[in-house]
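File shown here: input12.txt, holding compact mmCIF, C-alpha atoms and all ligand atoms.
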```
# COMPACT_ATOMS: atom_id res chain seq x y z
CA MET L 115 147.48 211.97 -12.65
CA GLY L 116 144.46 213.88 -11.43
CA ALA L 117 144.52 217.39 -10.02
CA THR L 118 144.83 216.39 -6.38
CA THR L 119 147.93 214.84 -4.86
CA VAL L 120 148.25 212.88 -1.64
CA GLU L 121 150.04 215.90 -0.17
CA ASP L 122 147.01 218.05 -1.05
CA LEU L 123 144.61 215.56 0.53
CA PHE L 124 146.53 215.65 3.78
CA GLY L 125 147.31 219.38 3.67
CA ILE L 126 151.01 218.62 3.99
CA ASP L 127 152.02 221.99 2.59
CA ARG L 128 150.38 223.79 5.48
CA LEU L 129 152.52 221.86 7.95
CA LEU L 130 155.81 222.98 6.42
CA THR L 131 157.59 226.31 6.62
CA ASP L 132 158.81 228.17 3.54
CA ASP L 133 162.41 227.24 4.39
CA GLU L 134 161.50 223.58 4.64
CA LYS L 135 159.71 223.67 1.30
CA ALA L 136 162.64 225.48 -0.31
CA ILE L 137 165.12 222.80 0.81
CA ALA L 138 162.82 220.02 -0.39
CA ARG L 139 162.46 221.77 -3.75
CA THR L 140 166.23 222.22 -4.13
CA VAL L 141 166.90 218.54 -3.52
CA ALA L 142 163.98 217.48 -5.74
CA ASP L 143 165.29 219.71 -8.58
CA PHE L 144 168.80 218.34 -8.23
CA GLY L 145 167.35 214.83 -8.21
CA ALA L 146 165.30 215.46 -11.35
CA LYS L 147 168.18 216.95 -13.31
CA ARG L 148 171.25 215.14 -12.09
CA LEU L 149 170.12 211.81 -10.63
CA ARG L 150 166.89 210.56 -12.17
CA PRO L 151 168.22 210.40 -15.75
CA HIS L 152 170.98 207.98 -14.65
CA VAL L 153 169.76 206.12 -11.61
CA ALA L 154 168.22 203.13 -13.42
CA ASP L 155 171.51 202.59 -15.26
CA TRP L 156 173.50 202.83 -12.03
CA PHE L 157 171.11 200.35 -10.45
CA GLU L 158 171.38 197.96 -13.39
CA ALA L 159 175.18 198.22 -13.45
CA GLY L 160 175.32 197.87 -9.66
CA THR L 161 177.38 200.99 -9.18
CA LEU L 162 177.38 204.64 -8.16
CA PRO L 163 179.75 207.40 -9.28
CA ALA L 164 180.47 208.06 -5.63
CA ARG L 165 183.34 210.53 -5.97
CA ASP L 166 181.65 212.86 -8.46
CA LEU L 167 178.34 212.74 -6.65
CA ALA L 168 179.98 213.38 -3.29
CA VAL L 169 181.35 216.72 -4.44
CA GLU L 170 178.00 217.76 -5.92
CA LEU L 171 176.01 216.68 -2.86
CA GLY L 172 178.58 218.38 -0.67
CA ALA L 173 178.17 221.61 -2.62
CA LEU L 174 174.42 221.37 -2.02
CA GLY L 175 175.13 221.16 1.71
CA LEU L 176 173.55 217.73 2.14
CA PHE L 177 176.34 216.01 4.07
CA GLY L 178 175.94 216.40 7.81
CA MET L 179 173.45 219.14 7.03
CA HIS L 180 171.80 219.02 10.46
CA LEU L 181 175.16 219.34 12.26
CA ASP L 182 176.63 222.65 13.39
CA GLY L 183 180.03 224.10 12.49
CA TYR L 184 182.94 222.47 10.63
CA GLY L 185 181.43 223.39 7.26
CA CYS L 186 178.07 221.75 8.00
CA ALA L 187 174.85 223.52 7.06
CA GLY L 188 173.29 223.47 10.54
CA THR L 189 169.70 222.95 9.41
CA THR L 190 166.85 221.67 11.52
CA ALA L 191 166.13 217.96 11.77
CA THR L 192 162.93 218.40 9.78
CA GLN L 193 164.79 220.13 6.96
CA TYR L 194 167.29 217.29 6.93
CA GLY L 195 164.44 214.79 6.90
CA LEU L 196 162.82 216.48 3.91
CA ALA L 197 166.14 216.36 2.05
CA CYS L 198 166.27 212.62 2.77
CA LEU L 199 162.69 212.30 1.53
CA GLU L 200 163.52 213.90 -1.80
CA ALA L 201 166.76 211.93 -2.19
CA GLU L 202 164.98 208.64 -1.54
CA ALA L 203 162.19 209.61 -3.94
CA VAL L 204 164.94 209.10 -6.52
CA ASP L 205 166.53 206.02 -4.99
CA SER L 206 167.14 204.56 -1.52
CA GLY L 207 170.79 204.09 -2.48
CA LEU L 208 171.22 207.84 -2.86
CA ARG L 209 169.59 208.55 0.47
CA SER L 210 171.82 205.88 2.00
CA PHE L 211 174.84 207.65 0.55
CA ILE L 212 173.80 210.85 2.32
CA SER L 213 172.77 209.07 5.56
CA VAL L 214 175.96 207.07 5.95
CA GLN L 215 178.14 210.09 5.33
CA GLY L 216 176.20 212.56 7.47
CA SER L 217 174.21 210.68 10.09
CA LEU L 218 176.60 207.81 10.75
CA ALA L 219 180.23 208.70 9.98
CA MET L 220 180.09 212.49 10.44
CA PHE L 221 177.66 212.38 13.34
CA ALA L 222 179.91 209.88 15.16
CA ILE L 223 182.89 212.22 14.88
CA HIS L 224 180.84 215.36 15.57
CA ARG L 225 179.12 213.91 18.65
CA TRP L 226 181.86 211.74 20.12
CA GLY L 227 185.13 212.88 18.55
CA SER L 228 188.02 215.03 19.79
CA GLU L 229 188.49 218.56 18.48
CA GLU L 230 191.43 217.30 16.38
CA GLN L 231 189.32 214.53 14.85
CA LYS L 232 186.57 217.02 14.03
CA GLN L 233 188.95 219.50 12.43
CA ARG L 234 190.71 216.76 10.49
CA TRP L 235 187.64 215.13 8.95
CA LEU L 236 184.39 217.09 9.19
CA PRO L 237 185.07 220.01 6.79
CA ASP L 238 186.34 217.63 4.09
CA MET L 239 183.42 215.28 4.63
CA ALA L 240 180.87 218.10 4.57
CA ALA L 241 182.28 219.28 1.24
CA GLY L 242 182.31 215.74 -0.18
CA ARG L 243 186.10 215.76 -0.57
CA ALA L 244 186.36 212.86 1.86
CA LEU L 245 183.97 209.92 2.15
CA GLY L 246 183.21 208.09 5.35
CA CYS L 247 181.71 204.74 6.30
CA PHE L 248 180.44 203.24 9.55
CA GLY L 249 181.50 199.75 10.53
CA LEU L 250 179.29 198.19 13.19
CA THR L 251 177.75 195.03 11.70
CA GLU L 252 179.78 191.83 11.53
CA PRO L 253 179.13 188.56 9.69
CA ASP L 254 177.71 186.98 12.86
CA PHE L 255 176.37 190.06 14.63
CA GLY L 256 173.80 192.30 12.97
CA SER L 257 170.74 192.77 15.17
CA ASN L 258 172.88 192.16 18.24
CA PRO L 259 175.97 194.28 17.56
CA ALA L 260 176.96 194.20 21.24
CA GLY L 261 178.21 190.67 20.61
CA MET L 262 180.79 191.93 18.12
CA ARG L 263 184.08 190.06 17.85
CA THR L 264 186.23 192.87 16.45
CA ARG L 265 188.87 193.60 19.06
CA ALA L 266 191.04 196.59 19.84
CA ARG L 267 194.00 195.70 21.99
CA ARG L 268 196.49 198.10 23.52
CA ASP L 269 200.09 197.83 22.44
CA GLY L 270 202.15 200.53 24.09
CA ASP L 271 200.34 203.76 23.25
CA ASP L 272 198.85 202.28 20.10
CA TRP L 273 195.62 200.45 19.47
CA VAL L 274 195.67 197.36 17.26
CA LEU L 275 192.36 196.42 15.63
CA SER L 276 191.49 193.00 14.27
CA GLY L 277 188.19 191.62 13.00
CA THR L 278 185.69 191.74 10.15
CA LYS L 279 182.87 194.17 9.45
CA MET L 280 180.15 193.17 6.99
CA TRP L 281 177.59 195.02 4.87
CA ILE L 282 179.30 198.37 5.25
CA THR L 283 177.91 201.03 2.93
CA ASN L 284 180.59 203.02 1.09
CA ALA L 285 183.44 200.98 2.64
CA PRO L 286 185.20 200.29 -0.68
CA VAL L 287 185.22 204.00 -1.60
CA ALA L 288 185.67 205.55 1.83
CA ASP L 289 188.65 207.60 2.99
CA VAL L 290 187.80 207.10 6.63
CA ALA L 291 185.95 204.41 8.54
CA VAL L 292 184.38 204.77 11.96
CA VAL L 293 184.93 201.27 13.34
CA TRP L 294 183.40 199.93 16.55
CA ALA L 295 185.40 197.36 18.51
CA GLN L 296 185.55 195.63 21.89
CA THR L 297 188.45 196.94 23.93
CA ASP L 298 190.29 194.78 26.41
CA ALA L 299 190.24 195.83 30.04
CA ALA L 300 194.03 195.73 30.05
CA GLY L 301 193.96 198.65 27.61
CA GLY L 302 192.57 200.84 30.34
CA SER L 303 189.34 201.29 28.43
CA ARG L 304 185.86 199.93 28.84
CA GLY L 305 183.78 197.80 26.48
CA ILE L 306 182.86 198.91 22.99
CA ARG L 307 184.69 201.95 21.65
CA GLY L 308 184.77 203.75 18.31
CA PHE L 309 187.90 204.34 16.25
CA VAL L 310 188.52 206.76 13.41
CA VAL L 311 190.44 204.72 10.87
CA PRO L 312 191.94 206.23 7.71
CA THR L 313 191.29 203.53 5.11
CA ASP L 314 194.87 203.68 3.81
CA THR L 315 196.17 202.38 7.16
CA ALA L 316 198.19 199.16 6.76
CA GLY L 317 196.06 196.07 7.41
CA PHE L 318 192.75 197.72 6.42
CA THR L 319 191.05 196.25 3.35
CA ALA L 320 187.54 196.75 2.03
CA SER L 321 186.19 194.55 -0.74
CA GLU L 322 182.93 195.12 -2.55
CA ILE L 323 179.96 192.83 -1.94
CA ARG L 324 178.53 191.94 -5.33
CA HIS L 325 175.36 190.25 -6.61
CA LYS L 326 173.04 192.35 -4.47
CA MET L 327 169.48 192.50 -5.79
CA SER L 328 168.64 195.51 -3.64
CA LEU L 329 170.29 198.90 -3.13
CA ARG L 330 172.32 198.31 -6.27
CA ALA L 331 172.98 202.04 -6.77
CA SER L 332 174.97 201.94 -3.54
CA ILE L 333 178.39 200.49 -2.84
CA THR L 334 178.50 197.94 -0.04
CA GLY L 335 181.61 196.30 1.33
CA GLU L 336 183.25 193.93 3.75
CA ILE L 337 186.04 195.36 5.89
CA VAL L 338 188.87 193.18 7.10
CA LEU L 339 191.01 194.59 9.90
CA ASP L 340 194.24 192.65 10.02
CA ASP L 341 196.19 194.06 12.95
CA VAL L 342 195.44 197.66 12.00
CA ARG L 343 197.75 199.76 14.15
CA LEU L 344 196.40 203.15 15.19
CA PRO L 345 197.74 205.90 17.42
CA ALA L 346 196.11 206.42 20.82
CA ASP L 347 194.22 209.47 19.57
CA ALA L 348 192.33 207.44 16.93
CA MET L 349 189.76 206.48 19.56
CA LEU L 350 186.58 208.55 19.80
CA PRO L 351 187.16 209.85 23.33
CA GLU L 352 183.57 210.50 24.34
CA ALA L 353 181.78 207.30 23.27
CA GLU L 354 181.78 204.46 25.79
CA GLY L 355 179.75 201.31 25.24
CA MET L 356 176.81 200.78 22.89
CA ARG L 357 175.38 204.26 23.43
CA GLY L 358 178.01 205.52 20.96
CA PRO L 359 176.93 203.51 17.92
CA LEU L 360 173.26 203.52 18.96
CA SER L 361 173.17 207.33 19.01
CA CYS L 362 174.41 207.33 15.41
CA LEU L 363 171.87 204.71 14.35
CA ASN L 364 169.12 206.84 15.86
CA GLU L 365 170.19 209.73 13.61
CA ALA L 366 170.25 207.61 10.48
CA ARG L 367 166.93 205.97 11.32
CA PHE L 368 165.37 209.39 11.60
CA GLY L 369 166.40 210.11 8.00
CA ILE L 370 164.85 206.82 6.92
CA VAL L 371 161.51 207.77 8.50
CA PHE L 372 161.34 210.58 5.92
CA GLY L 373 163.20 208.76 3.15
CA ALA L 374 160.72 205.89 3.00
CA VAL L 375 157.95 208.42 2.37
CA GLY L 376 159.85 209.64 -0.69
CA ALA L 377 160.20 206.15 -2.17
CA ALA L 378 156.51 205.43 -1.54
CA ARG L 379 155.44 208.77 -3.02
CA ASP L 380 157.42 208.10 -6.18
CA CYS L 381 155.72 204.71 -6.55
CA VAL L 382 152.22 206.13 -5.99
CA ASN L 383 152.78 208.96 -8.45
CA THR L 384 154.11 206.52 -11.04
CA ALA L 385 151.12 204.21 -10.53
CA LEU L 386 148.66 207.10 -10.78
CA ASP L 387 150.22 208.25 -14.05
CA TYR L 388 150.30 204.76 -15.44
CA ALA L 389 146.76 203.85 -14.42
CA GLY L 390 145.47 207.06 -15.98
CA THR L 391 146.83 206.25 -19.43
CA ARG L 392 146.85 202.45 -19.56
CA GLU L 393 143.64 201.17 -21.17
CA VAL L 394 142.30 197.79 -20.17
CA PHE L 395 138.91 196.45 -21.23
CA ASP L 396 138.39 199.66 -23.25
CA LYS L 397 138.92 202.25 -20.54
CA PRO L 398 141.69 203.65 -18.34
CA LEU L 399 142.83 201.32 -15.57
CA SER L 400 142.33 204.13 -13.06
CA GLY L 401 138.57 204.02 -13.70
CA PHE L 402 138.13 200.50 -12.29
CA GLN L 403 136.96 200.12 -8.72
CA LEU L 404 139.58 197.56 -7.75
CA THR L 405 142.34 199.92 -8.89
CA GLN L 406 140.68 202.85 -7.15
CA GLY L 407 140.54 200.84 -3.94
CA LYS L 408 144.29 200.22 -4.20
CA LEU L 409 145.03 203.87 -4.94
CA ALA L 410 142.85 205.15 -2.11
CA ASP L 411 144.35 202.75 0.43
CA MET L 412 147.87 203.67 -0.65
CA ALA L 413 147.07 207.38 -0.46
CA VAL L 414 145.84 206.91 3.11
CA GLU L 415 149.00 205.08 4.19
CA LEU L 416 151.33 207.44 2.35
CA GLY L 417 149.71 210.49 3.91
CA LYS L 418 149.81 208.95 7.39
CA ALA L 419 153.50 208.18 6.93
CA TYR L 420 154.10 211.80 5.89
CA LEU L 421 152.31 213.05 9.00
CA LEU L 422 154.25 210.71 11.25
CA ALA L 423 157.55 211.84 9.74
CA ILE L 424 156.71 215.52 10.21
CA GLN L 425 155.50 214.90 13.77
CA LEU L 426 158.77 213.13 14.64
CA GLY L 427 160.68 215.97 12.98
CA ARG L 428 158.87 218.46 15.19
CA ILE L 429 159.62 216.39 18.29
CA LYS L 430 163.32 216.15 17.36
CA ASP L 431 163.53 219.86 16.64
CA GLY L 432 161.83 220.59 19.94
CA GLY L 433 164.49 218.73 21.94
CA ALA L 434 165.40 215.12 22.47
CA ILE L 435 163.57 212.41 20.60
CA ALA L 436 163.35 209.01 22.28
CA PRO L 437 164.75 206.02 20.39
CA GLU L 438 161.37 204.27 20.56
CA GLN L 439 159.77 207.27 18.85
CA VAL L 440 162.22 206.92 15.98
CA SER L 441 161.46 203.18 15.98
CA LEU L 442 157.76 203.96 15.50
CA GLY L 443 158.54 205.96 12.40
CA LYS L 444 161.09 203.55 10.95
CA LEU L 445 158.85 200.53 11.52
CA ASN L 446 155.68 202.08 10.14
CA ASN L 447 157.05 204.10 7.27
CA VAL L 448 159.32 201.44 5.80
CA ARG L 449 156.73 198.70 6.26
CA GLU L 450 154.07 200.82 4.54
CA ALA L 451 156.47 202.00 1.83
CA ILE L 452 157.37 198.47 0.83
CA ALA L 453 153.69 197.44 0.82
CA ILE L 454 152.91 200.47 -1.36
CA ALA L 455 155.78 199.70 -3.75
CA ARG L 456 154.56 196.13 -4.19
CA GLU L 457 150.96 197.24 -4.74
CA CYS L 458 152.04 199.84 -7.30
CA ARG L 459 154.01 197.12 -9.05
CA THR L 460 150.76 195.21 -9.63
CA ILE L 461 149.15 198.29 -11.20
CA LEU L 462 151.97 198.51 -13.73
CA GLY L 463 151.51 194.87 -14.73
CA ALA L 464 154.45 193.51 -16.72
CA ASN L 465 155.88 197.02 -17.10
CA GLY L 466 156.16 196.99 -13.34
CA ILE L 467 159.06 194.57 -13.47
CA THR L 468 161.30 196.68 -15.71
CA LEU L 469 163.69 199.46 -14.82
CA GLU L 470 161.84 201.70 -17.31
CA TYR L 471 159.73 202.57 -14.29
CA PRO L 472 161.10 203.20 -10.78
CA VAL L 473 158.69 200.94 -8.92
CA ILE L 474 160.50 197.59 -8.89
CA ARG L 475 163.72 199.43 -8.08
CA HIS L 476 162.09 201.08 -5.07
CA ALA L 477 160.48 197.79 -4.00
CA ASN L 478 163.81 195.97 -4.16
CA ASN L 479 165.66 198.78 -2.42
CA LEU L 480 163.14 198.86 0.40
CA GLU L 481 164.01 195.25 1.23
CA SER L 482 167.39 196.56 2.41
CA VAL L 483 165.82 199.53 4.14
CA LEU L 484 163.50 197.13 6.00
CA THR L 485 166.57 195.26 7.28
CA TYR L 486 169.26 197.84 7.93
CA GLU L 487 169.24 200.39 10.72
CA GLY L 488 167.38 197.86 12.83
CA THR L 489 165.08 195.26 11.31
CA SER L 490 161.31 195.64 11.70
CA GLU L 491 161.44 193.01 14.41
CA MET L 492 164.02 195.02 16.39
CA HIS L 493 161.83 198.11 16.19
CA GLN L 494 158.77 196.13 17.30
CA LEU L 495 160.79 194.96 20.30
CA MET L 496 161.90 198.52 21.11
CA ILE L 497 158.38 199.90 20.91
CA ALA L 498 156.92 197.06 22.96
CA LYS L 499 159.71 197.39 25.53
CA ALA L 500 158.74 201.04 25.99
CA LEU L 501 155.09 200.06 26.35
CA THR L 502 155.47 197.06 28.64
CA GLY L 503 158.72 197.78 30.44
CA GLN L 504 159.81 194.26 29.49
CA ASP L 505 162.86 193.48 27.40
CA ALA L 506 162.10 190.62 24.98
CA PHE L 507 165.29 190.87 22.91
CA ARG L 508 166.51 187.54 24.30
P1 LIG M 601 170.20 189.10 11.77
O1 LIG M 601 170.55 189.90 12.97
O2 LIG M 601 170.86 187.76 11.61
O3 LIG M 601 168.63 188.91 11.73
C1 LIG M 601 167.99 187.92 10.91
C2 LIG M 601 166.50 187.94 11.25
O4 LIG M 601 166.34 187.56 12.60
C3 LIG M 601 165.85 189.31 11.09
O5 LIG M 601 164.55 189.17 10.60
C4 LIG M 601 165.81 189.81 12.51
O6 LIG M 601 164.80 190.79 12.74
C5 LIG M 601 165.54 188.52 13.25
N1 LIG M 601 165.91 188.62 14.66
C6 LIG M 601 167.14 188.84 15.19
N2 LIG M 601 167.07 188.88 16.51
C7 LIG M 601 165.77 188.67 16.85
C8 LIG M 601 165.04 188.63 18.08
N3 LIG M 601 165.63 188.84 19.26
N4 LIG M 601 163.71 188.40 18.03
C9 LIG M 601 163.08 188.23 16.84
N5 LIG M 601 163.70 188.28 15.66
C10 LIG M 601 165.02 188.50 15.66
N6 LIG M 601 175.74 197.81 8.87
C11 LIG M 601 176.69 198.71 9.28
O7 LIG M 601 177.24 198.58 10.36
N7 LIG M 601 177.04 199.76 8.47
C12 LIG M 601 176.49 199.95 7.24
O8 LIG M 601 176.82 200.92 6.53
C13 LIG M 601 175.49 199.02 6.77
N8 LIG M 601 174.98 199.13 5.52
C14 LIG M 601 174.13 198.14 5.05
C15 LIG M 601 173.71 198.16 3.73
C16 LIG M 601 172.90 197.16 3.22
C17 LIG M 601 172.50 197.16 1.80
C18 LIG M 601 172.45 196.12 4.08
C19 LIG M 601 171.53 195.04 3.57
C20 LIG M 601 172.86 196.08 5.39
C21 LIG M 601 173.71 197.08 5.90
N9 LIG M 601 174.21 197.02 7.21
C22 LIG M 601 175.15 197.93 7.64
C23 LIG M 601 173.89 195.87 8.05
C24 LIG M 601 172.51 195.90 8.70
O9 LIG M 601 172.46 196.88 9.69
C25 LIG M 601 172.22 194.49 9.24
O10 LIG M 601 172.02 193.65 8.11
C26 LIG M 601 171.00 194.45 10.15
O11 LIG M 601 171.31 195.03 11.39
C27 LIG M 601 170.49 193.02 10.38
O12 LIG M 601 171.52 192.19 10.75
P2 LIG M 601 171.71 190.76 10.04
O13 LIG M 601 171.67 190.97 8.57
O14 LIG M 601 172.92 190.14 10.62
O15 LIG M 601 170.42 189.95 10.42
```
Give the structure from this file in C-alpha cells form.
Ligand code: FAD
Amino acid sequence: MGATTVEDLFGIDRLLTDDEKAIARTVADFGAKRLRPHVADWFEAGTLPARDLAVELGALGLFGMHLDGYGCAGTTATQYGLACLEAEAVDSGLRSFISVQGSLAMFAIHRWGSEEQKQRWLPDMAAGRALGCFGLTEPDFGSNPAGMRTRARRDGDDWVLSGTKMWITNAPVADVAVVWAQTDAAGGSRGIRGFVVPTDTAGFTASEIRHKMSLRASITGEIVLDDVRLPADAMLPEAEGMRGPLSCLNEARFGIVFGAVGAARDCVNTALDYAGTREVFDKPLSGFQLTQGKLADMAVELGKAYLLAIQLGRIKDGGAIAPEQVSLGKLNNVREAIAIARECRTILGANGITLEYPVIRHANNLESVLTYEGTSEMHQLMIAKALTGQDAFR
C-alpha cells in the first residue's frame, strides 16, 4: 500500500474526536488479535463461538454500548457507529452479532420494556452473560412485517403465542427472544405488540438455518412458537403497533451505515496491498491505468460513505434522526460497499475467490446486509416517500 490512505485523502481523522478514535482503535485491536486469525475458519465452518465471544465483547462494553444505565456503556451514537465499523471490517457476521444483541434485542427492552424487564435482562445482556435475538420476520412476511401471522391470544392473565419467525440471527443460541406478534382485540390490546420470551419456555424451539452462502460466521435460525404461554408481564408495555419494531430497526440500520464502511475499507486495503505486490506483464498490477481507475473510483465511494456515516452520526447525536436519513445511509453505504467488494475481487484475480483473503467473504456477507434491515428497494421507497410525499409501498 502507498503512504496515503482513503481516510487521509478525505481528512477523516480531523472529523473525529480523540474519544471516538480511541474506541475505534480498541475495537480494531481486539479484532486484529482475537477475531481476524479465526474468522475465515468460522466462516468456512459456518459457525461462531457465540458464548465465548459474547463474554469478551461484553467485557469490551460493545453490547448496547449507546444505551444508558443497566450496565451499558452509554457512549454516543457516533462512537457506537465506529465500533460497528471496526467490527464489520473483520466480518459482517461479527457486527451483526453486536447489532442484534445491542440495537435490536437490548434496545427493544431498554426503550419499550418495564423496569422489571430491564433489570432482569439488560445487565446480563450488556455483560454478554445472556444472549438475545429479535424475531420480526416470518417466512411469508419480510419487507412487509405488518402482515405477520404470529398471534398472541389472551388466556386468563396469560398470553399464548403461536407462529413462526424466520431468519432470526442468534435465535438458536439466545437466552431471550423479543418476539413481535399480532394481538387479538379480545385481549384488551391493540395490534402488533412485543413480547420478552425466555427461550426455555415450553413450546419455543429455534432450529439453525444451514447452507447459507453469506453471513456464515453468524448463527441464523427459525423460531417456532407452539402455544408458548407467557405471563401478562412478558409484554413490552410501551410499544404499540409497528413503531415498536421499526424503532429498533432504525437503531440497527444506523450501525450498518458505519459497518458497511468497515467491510469496504477492508476490501480496498486488501486490494491495494495485493495490487502493489502482484506482478503482471512484468510490473506491479497497481501501476496499470485500468487498475488505478478502479482504485481511484473505489477510494472516492469509500470516502463518501465514511463522510455520510459521520454526518448521520452527528445528526443522531444532535437529537432525533429521521428514519429516511438512516435509509439514505443504509442504501448508499451497503450498495457501494458491495460494489467495492466485487471490484476488489477482480483485482485479486483467482486469489480473490479464496478465504485466504477477506474479499469474497465480505462480498458474500454484504449480500445479506443488502437484504436485511430493509432491502435496498425498501430504503429507496422510504427516501422517495419523504421526497414526494407519496407512499409507493403498495
Ligand atoms: P421479501 O420481502 O420477500 O422481498 C423480496 C424482494 O422483493 C426484495 O428485493 C424486496 O426489496 C422486493 N420487494 C418487496 N416489496 C417490494 C415493494 N413494495 N416494491 C418493490 N420491491 C419490493 N429478520 C429478523 O426479524 N430478525 C433477524 O435477526 C434477522 N436476521 C437476518 C439474518 C440474515 C442472514 C438474513 C438474510 C435475514 C435476516 N432477517 C432477520 C430477515 C430480513 O430482515 C428479511 O430477509 C428482509 O426484511 C427481506 O425480507 P424477505 O427475505 O422476506 O424478502
_Around ligand LIG 601 (chain M), out to 6 Å and counting only C-alpha atoms and all ligand atoms, which residues are there? I want them as number ranges by chain._
L: 248-251, 255-257, 281-283, 329, 482, 485-489, 491-492, 507-508
_Give me the residues near stretch 344-358 of chain L as number ranges by chain, where near means some atom within 7 Å (using only C-alpha atoms) and where sequence neighbours in that chain fewer than 5 positions away do not count._
L: 226-228, 260, 271-274, 304-311
*To one decimal place, how far is atom CA of L:Gly116 from atom CA of L:Arg392 in Å?*
14.2 Å
*Within 12 Å of L:Gly373 using only C-alpha atoms, minus same-chain residues under 3 positions, as an MDAnalysis selection string*: chainID L and resid 138 192 194:213 366:370 376:380 416 419:420 423:424 443:444 447:448 451 476 479:480 483:484
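Using all atoms listed in the file for every distance, the candidate list L:Glu365, L:Glu393, L:Asp166, L:Glu336 yields L:Glu336 as the residue closest to L:Pro253.
Comparing the minimum interatomic distances between L:Gln425 and each of L:Thr384, L:Leu149, L:Met496, L:Ala191, counting all atoms listed in the file, we find that L:Ala191 sits nearest.
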_Nearest-residue call for L:Asp411, choices L:Lys232, L:Leu174, L:Val375, L:Glu450, using all atoms listed in the file_ = L:Glu450
Which residues are close to stretch 233-247 of chain L, i.e. within 10 Å by only C-alpha atoms, leaving aside same-chain residues fewer than 6 positions away? Reply as a tab-separated table (two decimals) with C-alpha atoms, keeping the file's coordinate frame.
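This went into out_21.tsv:
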```
chain	number	residue	atom	x	y	z
L	164	ALA	CA	180.47	208.06	-5.63
L	165	ARG	CA	183.34	210.53	-5.97
L	166	ASP	CA	181.65	212.86	-8.46
L	167	LEU	CA	178.34	212.74	-6.65
L	168	ALA	CA	179.98	213.38	-3.29
L	169	VAL	CA	181.35	216.72	-4.44
L	170	GLU	CA	178.00	217.76	-5.92
L	171	LEU	CA	176.01	216.68	-2.86
L	172	GLY	CA	178.58	218.38	-0.67
L	173	ALA	CA	178.17	221.61	-2.62
L	174	LEU	CA	174.42	221.37	-2.02
L	175	GLY	CA	175.13	221.16	1.71
L	176	LEU	CA	173.55	217.73	2.14
L	177	PHE	CA	176.34	216.01	4.07
L	178	GLY	CA	175.94	216.40	7.81
L	179	MET	CA	173.45	219.14	7.03
L	181	LEU	CA	175.16	219.34	12.26
L	183	GLY	CA	180.03	224.10	12.49
L	184	TYR	CA	182.94	222.47	10.63
L	185	GLY	CA	181.43	223.39	7.26
L	186	CYS	CA	178.07	221.75	8.00
L	187	ALA	CA	174.85	223.52	7.06
L	211	PHE	CA	174.84	207.65	0.55
L	213	SER	CA	172.77	209.07	5.56
L	214	VAL	CA	175.96	207.07	5.95
L	215	GLN	CA	178.14	210.09	5.33
L	216	GLY	CA	176.20	212.56	7.47
L	218	LEU	CA	176.60	207.81	10.75
L	219	ALA	CA	180.23	208.70	9.98
L	220	MET	CA	180.09	212.49	10.44
L	221	PHE	CA	177.66	212.38	13.34
L	223	ILE	CA	182.89	212.22	14.88
L	224	HIS	CA	180.84	215.36	15.57
L	227	GLY	CA	185.13	212.88	18.55
L	282	ILE	CA	179.30	198.37	5.25
L	283	THR	CA	177.91	201.03	2.93
L	284	ASN	CA	180.59	203.02	1.09
L	285	ALA	CA	183.44	200.98	2.64
L	286	PRO	CA	185.20	200.29	-0.68
L	287	VAL	CA	185.22	204.00	-1.60
L	288	ALA	CA	185.67	205.55	1.83
L	289	ASP	CA	188.65	207.60	2.99
L	290	VAL	CA	187.80	207.10	6.63
L	291	ALA	CA	185.95	204.41	8.54
L	292	VAL	CA	184.38	204.77	11.96
L	293	VAL	CA	184.93	201.27	13.34
L	310	VAL	CA	188.52	206.76	13.41
L	311	VAL	CA	190.44	204.72	10.87
L	312	PRO	CA	191.94	206.23	7.71
L	313	THR	CA	191.29	203.53	5.11
L	334	THR	CA	178.50	197.94	-0.04
L	335	GLY	CA	181.61	196.30	1.33
```
_For atom CA of L:Cys458 and atom CA of L:Leu409, the interatomic separation in Å (one decimal)_ = 8.4 Å
_To one decimal place in Å, what is the distance between atom CA of L:Arg343 and atom CA of L:Leu275?_
6.5 Å
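Closest approach to L:Val414 among L:Leu495, L:Ile454, L:Ala142, L:Leu360: L:Ile454, based on all atoms listed in the file.
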*Residue among L:Arg449, L:Ala436, L:Gly417, L:Arg428 lying closest to L:Phe124, counting all atoms listed in the file*: L:Gly417
Adding 8 Å on each side of the box along x, y and z that holds all listed atoms of stretch 235-249 of chain L, could you give its centre and edge lengths in Å to one decimal, as JSON?
```
{"center_x": 184.0, "center_y": 209.9, "center_z": 5.0, "size_x": 23.2, "size_y": 36.3, "size_z": 27.1}
```
Starting from the incomplete input, reconstruct N, CA and C atoms of stretch 173-180 of chain L and report them as a short mmCIF file (atom, residue, chain, number, x, y, z; two decimals), in the frame of the given file.
```cif
data_model
loop_
_atom_site.label_atom_id
_atom_site.label_comp_id
_atom_site.auth_asym_id
_atom_site.auth_seq_id
_atom_site.Cartn_x
_atom_site.Cartn_y
_atom_site.Cartn_z
N ALA L 173 178.41 220.21 -2.24
CA ALA L 173 178.17 221.61 -2.62
C ALA L 173 176.74 222.03 -2.30
N LEU L 174 175.82 221.07 -2.37
CA LEU L 174 174.42 221.37 -2.02
C LEU L 174 174.22 221.48 -0.51
N GLY L 175 175.22 221.08 0.24
CA GLY L 175 175.13 221.16 1.71
C GLY L 175 174.42 219.98 2.34
N LEU L 176 174.36 218.85 1.63
CA LEU L 176 173.55 217.73 2.14
C LEU L 176 174.28 216.82 3.12
N PHE L 177 175.61 216.91 3.18
CA PHE L 177 176.34 216.01 4.07
C PHE L 177 176.45 216.62 5.47
N GLY L 178 175.92 215.91 6.43
CA GLY L 178 175.94 216.40 7.81
C GLY L 178 175.17 217.71 7.92
N MET L 179 174.11 217.83 7.14
CA MET L 179 173.45 219.14 7.03
C MET L 179 172.78 219.58 8.33
N HIS L 180 172.45 218.63 9.21
CA HIS L 180 171.80 219.02 10.46
C HIS L 180 172.83 219.20 11.58
#
```
